[in-house]
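Enquirer: I'd like to ask some things about the structure below.
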Amino acid sequence: MAMRRILKLSAWTRLPLRYRAASSLSLKETLDKTIPEKQEEVKQFRREYGDKKIGEITVDQAYGGMRGLKAMVCETSVLDPDRGIEFRGYSIPECQKLLPKAPGGEEPLPEGLFWLLITGQIPTEEQVNDLSKDWAARADLPPHVVGMINNFPNNLHPMSQFSAAITGLQSESQFAKAYAEGINKTKYWEYALEDSLNLIAKLPTVAAMIYRNCFHDGNVCPIDPQKDWSANFASMMGFDDSQFIELMRLYLTIHADHEGGNVSAHTCHLVASALSDPYLSFAAAMNGLAGPLHGLANQEVLVWLMKIREQVGDDITDDGLKEFIWNTLKSGQVVPGYGHAVLRQTDPRYMCQREFALKHLPDDPLFKLVSRLYQYVPDILLEQGKAKNPWPNVDAHSGVLLHHYGLTEMSYYTVLFGVSRALGVLSSIVWSRALGLPLERPKSMSTIGLKALVGAAK
Ligand code: CMX
């Protein structure tokens, strides 16, 4: 009885022993142990069940962006339409509770989420601290990338600068070098891991340089090896407010992964399947994230909120707000930050940002506007009758928090999303190489071919 009560006390105790991290193991040692077990599990599963059917494809799915098609494997996270994202089985509130925090902090450290995504285990504080130090030590950029970023014109969108700089970093790829030297394929994952750790470590420096060049004096302070990844990133951008640093920890944790089929994750997976190295694959992913229906929606939301303010002001009436929403729809545009290809409820990533706002900035006028939109947009989208999901997604809330702390340059917002997304998609590359996943090459059909396939009249 007492035992049962203890088991209920926290989600931590639900973890089977094998999923608890052994505090003495490094990340590489943990993967050295975990990967052969998983390889064997998958091998046996495929031997026994490889020819089992897992679904059917309709003509509408072929034309309709392959929604719901179960045709790829992603180990790091699963997206449930109602419950939202689960990172290796853990919801966002569970991650907020279980993952190590900075001293005095309340939000999880993204280093811990990365450990969870790539190993499947909740790390110890020591392991997370080691990762913070490791990333700080790897953060330097080669001189040609520094020169490249400093030469980008200010009118090149920050996401284009980000993607180009990541491609420029490809000179550092140990995967590409080892492949050229003829490395055995069983070792691919080790080089993919090394590239991923280096790239993740360097991204805040790249992103901060872009921010300081585009919007400030171009000066970026050096990395402090005593600070965690988010604190260093915030400082390099020029923000030292402890609440903003906490926000960055939360932000960089919740944007990291959204299973395998979203545009950025799928792009990364696809490009890496050609054995393009993690730098090239991640740069490609960032070009997808830069689309307005995906990551750029966080910029679009703020642009839209500012339009409401400019055109009608903060004192807009309820009817005025509803009219503004309807006008957006009637002019053939989407309401940014609402709807989702998979989710059918309010995104838990929206909810945790809302909780952060309620706790730290309840009176912020822009947050109040975001809250009022949450009251009206879903009903209007339902009345319009097109969107399958009328509820807000992550992008409906992120910009208002950044804006509150002075990060007001909305064309930069997607870069922050991109820095976080690296944690998930690069973890997946390591696993794709560990599991020996092959070149991705689905079959496409012409309309003539599809008609013939389903027996449609000529
Ligand atoms: N505003 C207006 N119309 C919307 C809408 C919205 N927020 N969401 C969906 N619709 C429309 C679609 O454009 C589509 O219209 P058509 O039939 O005229 O083409 C119709 O409703 C059905 O779409 P759906 O099946 O509900 O949604 P999809 O899976 O095709 O698209 C998404 C999903 C996210 C692209 C869409 O909801 C959207 O455009 N939302 C606004 C942009 C946004 O917030 N994107 C960020 C998503 C999260 C992320 O990746 O970062």
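Simple scheme: letters A, B, ... for chains in structure tokens order, numbers from 1 for residues in each chain, numbers from 1 for ligands in the order shown.
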So which residues are near ligand 1, meaning at most 9 Å away with only C-alpha atoms and all ligand atoms counted, given back as a PDB file with C-alpha atoms, in the first residue's frame?
Expert:
```pdb
ATOM      1  CA  GLY A  64      -3.477  16.362 -49.735  1.00  0.00           C
ATOM      2  CA  GLY A  65       0.019  16.631 -48.290  1.00  0.00           C
ATOM      3  CA  ARG A  67      -1.811  13.823 -43.880  1.00  0.00           C
ATOM      4  CA  HIS A 255      10.291  24.106 -29.882  1.00  0.00           C
ATOM      5  CA  HIS A 258       7.367  17.691 -33.085  1.00  0.00           C
ATOM      6  CA  ASN A 262       6.584  18.291 -40.012  1.00  0.00           C
ATOM      7  CA  VAL A 263       8.357  20.217 -42.758  1.00  0.00           C
ATOM      8  CA  SER A 264      11.615  20.973 -40.916  1.00  0.00           C
ATOM      9  CA  LEU A 289      11.146  26.226 -41.236  1.00  0.00           C
ATOM     10  CA  GLY A 291       7.970  29.089 -44.615  1.00  0.00           C
ATOM     11  CA  PRO A 292       4.972  31.099 -43.283  1.00  0.00           C
ATOM     12  CA  LEU A 293       2.794  28.008 -42.796  1.00  0.00           C
ATOM     13  CA  HIS A 294       5.524  26.503 -40.571  1.00  0.00           C
ATOM     14  CA  GLY A 295       8.099  28.340 -38.416  1.00  0.00           C
ATOM     15  CA  LEU A 296       7.731  31.787 -39.933  1.00  0.00           C
ATOM     16  CA  ALA A 297       4.209  31.840 -38.472  1.00  0.00           C
ATOM     17  CA  ASN A 298       5.717  33.217 -35.224  1.00  0.00           C
ATOM     18  CA  GLU A 300       3.484  36.468 -38.985  1.00  0.00           C
ATOM     19  CA  VAL A 301       1.572  36.443 -35.693  1.00  0.00           C
ATOM     20  CA  THR A 328      -8.337  38.577 -42.515  1.00  0.00           C
ATOM     21  CA  LEU A 329     -10.230  35.452 -43.550  1.00  0.00           C
ATOM     22  CA  GLY A 332      -8.056  35.060 -48.413  1.00  0.00           C
ATOM     23  CA  GLN A 333      -5.352  34.974 -45.723  1.00  0.00           C
ATOM     24  CA  VAL A 334      -4.892  32.556 -42.849  1.00  0.00           C
ATOM     25  CA  VAL A 335      -5.111  33.628 -39.207  1.00  0.00           C
ATOM     26  CA  PRO A 336      -1.473  33.052 -38.246  1.00  0.00           C
ATOM     27  CA  GLY A 337      -0.800  30.906 -35.191  1.00  0.00           C
ATOM     28  CA  TYR A 338      -4.082  28.997 -35.460  1.00  0.00           C
ATOM     29  CA  GLY A 339      -4.714  25.541 -36.908  1.00  0.00           C
ATOM     30  CA  HIS A 340      -2.450  22.555 -37.277  1.00  0.00           C
ATOM     31  CA  ALA A 341      -1.962  19.620 -39.619  1.00  0.00           C
ATOM     32  CA  VAL A 342      -2.067  17.090 -36.755  1.00  0.00           C
ATOM     33  CA  VAL A 377     -10.591  33.101 -33.172  1.00  0.00           C
ATOM     34  CA  LEU A 381     -12.724  29.557 -37.617  1.00  0.00           C
ATOM     35  CA  GLN A 384     -16.094  29.671 -41.322  1.00  0.00           C
ATOM     36  CA  GLY A 385     -16.040  25.866 -41.421  1.00  0.00           C
ATOM     37  CA  LYS A 386     -12.757  25.225 -43.195  1.00  0.00           C
ATOM     38  CA  ALA A 387      -9.959  24.703 -40.673  1.00  0.00           C
ATOM     39  CA  LYS A 388      -9.977  21.207 -39.166  1.00  0.00           C
ATOM     40  CA  ASN A 389      -8.373  22.584 -36.023  1.00  0.00           C
ATOM     41  CA  PRO A 390      -9.522  26.027 -34.826  1.00  0.00           C
ATOM     42  CA  TRP A 391      -7.174  26.115 -31.828  1.00  0.00           C
ATOM     43  CA  PRO A 392      -3.923  28.051 -31.380  1.00  0.00           C
ATOM     44  CA  ASN A 393      -0.517  26.504 -32.009  1.00  0.00           C
ATOM     45  CA  VAL A 394       2.901  27.323 -30.513  1.00  0.00           C
ATOM     46  CA  ASP A 395       3.443  30.329 -32.787  1.00  0.00           C
ATOM     47  CA  ALA A 396       0.354  32.175 -31.552  1.00  0.00           C
ATOM     48  CA  PHE A 417      12.716  28.416 -33.323  1.00  0.00           C
TER      49      PHE A 417
END
```
Enquirer: For Ser432 in chain A, find every residue with an atom within 9 Å (counting only C-alpha atoms), except residues of its own chain fewer than 4 positions away, and show them as a ChimeraX atom specification.
Expert: /A:73-74,189,269,272-273,427-428,436-438
Enquirer: If DSSP is run on the backbone, what residues of range 120-266 of chain A are alpha helix (DSSP H)? A reply as a PyMOL selection string would be ideal.
Expert: chain A and resi 125-137+143-151+158-168+174-180+188-215+229-237+242-254+263-266
Enquirer: Please save C-alpha atoms of the selected residues as a short mmCIF file (atom, residue, chain, number, x, y, z; two decimals), in the first residue's frame.
Expert:
```cif
data_model
loop_
_atom_site.label_atom_id
_atom_site.label_comp_id
_atom_site.auth_asym_id
_atom_site.auth_seq_id
_atom_site.Cartn_x
_atom_site.Cartn_y
_atom_site.Cartn_z
CA GLU A 125 22.04 17.34 -13.16
CA GLU A 126 25.66 16.33 -13.52
CA GLN A 127 25.11 15.03 -17.03
CA VAL A 128 23.31 18.22 -18.02
CA ASN A 129 26.05 20.40 -16.53
CA ASP A 130 28.64 18.41 -18.46
CA LEU A 131 26.67 19.00 -21.66
CA SER A 132 26.48 22.77 -20.98
CA LYS A 133 30.26 22.85 -20.54
CA ASP A 134 30.85 20.67 -23.59
CA TRP A 135 28.70 22.93 -25.79
CA ALA A 136 30.37 26.08 -24.46
CA ALA A 137 33.75 24.56 -25.38
CA PRO A 143 36.90 32.61 -39.44
CA HIS A 144 35.31 32.18 -42.87
CA VAL A 145 31.85 31.84 -41.26
CA VAL A 146 32.44 34.92 -39.10
CA GLY A 147 33.42 36.84 -42.25
CA MET A 148 30.44 35.45 -44.14
CA ILE A 149 27.93 36.53 -41.47
CA ASN A 150 29.53 39.95 -41.15
CA ASN A 151 29.20 40.44 -44.90
CA PRO A 158 17.66 36.52 -40.71
CA MET A 159 16.47 33.00 -41.62
CA SER A 160 18.31 33.16 -44.95
CA GLN A 161 21.44 34.34 -43.13
CA PHE A 162 21.01 31.52 -40.61
CA SER A 163 20.64 28.83 -43.26
CA ALA A 164 23.55 30.15 -45.34
CA ALA A 165 25.85 30.37 -42.30
CA ILE A 166 25.01 26.76 -41.34
CA THR A 167 25.88 25.66 -44.88
CA GLY A 168 29.13 27.62 -44.48
CA GLN A 174 33.64 15.23 -39.49
CA PHE A 175 30.94 13.00 -40.99
CA ALA A 176 31.72 14.24 -44.52
CA LYS A 177 35.46 13.87 -43.92
CA ALA A 178 35.14 10.36 -42.49
CA TYR A 179 32.83 9.32 -45.34
CA ALA A 180 35.36 10.58 -47.90
CA TYR A 188 28.24 6.64 -39.24
CA TRP A 189 26.24 7.48 -36.13
CA GLU A 190 29.36 8.38 -34.15
CA TYR A 191 30.39 11.01 -36.70
CA ALA A 192 26.80 12.22 -37.04
CA LEU A 193 26.78 12.67 -33.24
CA GLU A 194 30.05 14.61 -33.27
CA ASP A 195 28.77 16.92 -36.02
CA SER A 196 25.44 17.36 -34.21
CA LEU A 197 27.10 18.33 -30.93
CA ASN A 198 29.40 20.80 -32.69
CA LEU A 199 26.55 22.31 -34.69
CA ILE A 200 24.23 22.66 -31.68
CA ALA A 201 27.07 24.30 -29.75
CA LYS A 202 27.75 26.82 -32.54
CA LEU A 203 24.16 27.75 -33.40
CA PRO A 204 23.66 30.32 -30.60
CA THR A 205 26.87 32.10 -31.67
CA VAL A 206 25.72 32.15 -35.31
CA ALA A 207 22.23 33.30 -34.34
CA ALA A 208 23.48 35.96 -31.92
CA MET A 209 25.87 37.39 -34.52
CA ILE A 210 23.00 37.67 -36.99
CA TYR A 211 20.85 39.41 -34.38
CA ARG A 212 23.55 41.86 -33.29
CA ASN A 213 24.50 42.62 -36.92
CA CYS A 214 20.94 43.14 -38.16
CA PHE A 215 19.54 45.11 -35.25
CA TRP A 229 23.44 27.11 -23.40
CA SER A 230 20.39 29.38 -23.11
CA ALA A 231 22.07 31.86 -20.74
CA ASN A 232 25.03 32.19 -23.10
CA PHE A 233 22.69 32.63 -26.06
CA ALA A 234 20.70 35.33 -24.25
CA SER A 235 23.88 37.17 -23.21
CA MET A 236 25.33 37.03 -26.71
CA MET A 237 22.11 38.57 -28.04
CA SER A 242 17.13 36.50 -15.49
CA GLN A 243 13.44 36.16 -16.42
CA PHE A 244 14.26 36.44 -20.11
CA ILE A 245 16.92 33.74 -19.67
CA GLU A 246 14.29 31.51 -18.05
CA LEU A 247 11.99 32.22 -20.99
CA MET A 248 14.77 31.20 -23.38
CA ARG A 249 15.23 27.91 -21.49
CA LEU A 250 11.53 27.18 -21.84
CA TYR A 251 11.39 28.41 -25.45
CA LEU A 252 14.40 26.37 -26.57
CA THR A 253 12.97 23.29 -24.85
CA ILE A 254 9.43 23.34 -26.23
CA VAL A 263 8.36 20.22 -42.76
CA SER A 264 11.62 20.97 -40.92
CA ALA A 265 12.03 17.50 -39.37
CA HIS A 266 11.03 15.70 -42.53
#
```
Enquirer: For Gln345 in chain A, which residue out of A:Arg83, A:Lys52, A:Lys43, A:Lys33 is the nearest one, using only C-alpha atoms?
Expert: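 Closest residue, counting only C-alpha atoms: A:Arg83.
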Enquirer: Please determine, counting only C-alpha atoms, which residue among A:Val415, A:Ala256, A:Val303, A:Ile57 has the shortest atom-to-atom distance to Val454 in chain A.
Expert: A:Ile57
Enquirer: Of the candidates A:Gly424, A:Gln353, A:Leu275, A:Ala452, which shows the shortest atom-to-atom distance to Arg88 in chain A, using only C-alpha atoms?
Expert: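 Selected residue with least distance to Arg88 in chain A: A:Gly424.
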Enquirer: Need the shell around Ile92 in chain A: protein/DNA/RNA residues with any atom at most 10 Å away, counting only C-alpha atoms. Skip same-chain ones fewer than 3 positions apart. Format as a list in words?
Expert: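 Counting only C-alpha atoms, the residues come to Gly84, Ile85, Glu86, Phe87, Gly89, Cys95, Gln96, Lys97, Leu98, Pro108, Leu250, Thr253, Ile254, Pro348, Arg349, Met351 and Cys352 of chain A.
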Enquirer: For the residues in that selection, give me C-alpha atoms as an mmCIF file, in the first residue's frame.
Expert:
```
data_model
loop_
_atom_site.group_PDB
_atom_site.id
_atom_site.type_symbol
_atom_site.label_atom_id
_atom_site.label_comp_id
_atom_site.auth_asym_id
_atom_site.auth_seq_id
_atom_site.Cartn_x
_atom_site.Cartn_y
_atom_site.Cartn_z
ATOM 1 C CA GLY A 84 0.005 17.183 -28.097
ATOM 2 C CA ILE A 85 3.701 16.462 -28.165
ATOM 3 C CA GLU A 86 5.349 13.798 -26.040
ATOM 4 C CA PHE A 87 9.125 13.765 -25.958
ATOM 5 C CA GLY A 89 6.784 9.593 -23.778
ATOM 6 C CA CYS A 95 9.468 17.617 -18.778
ATOM 7 C CA GLN A 96 9.084 20.875 -16.843
ATOM 8 C CA LYS A 97 8.928 18.836 -13.684
ATOM 9 C CA LEU A 98 11.547 16.168 -14.355
ATOM 10 C CA PRO A 108 13.899 22.956 -17.794
ATOM 11 C CA LEU A 250 11.534 27.181 -21.838
ATOM 12 C CA THR A 253 12.974 23.286 -24.855
ATOM 13 C CA ILE A 254 9.433 23.343 -26.231
ATOM 14 C CA PRO A 348 0.334 22.388 -25.042
ATOM 15 C CA ARG A 349 3.269 24.515 -26.210
ATOM 16 C CA MET A 351 -0.534 26.577 -22.919
ATOM 17 C CA CYS A 352 2.845 26.518 -21.188
#
```
Enquirer: Using only C-alpha atoms, which protein or nucleic acid residues come within 7 Å of Ser281 in chain A? Drop anything in the same chain fewer than 4 positions from it, and give the result as a list in words.
Expert: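 The residues satisfying every condition are Cys268, Val271, Ala272, Ser276, Asp277 and Ala285 of chain A.
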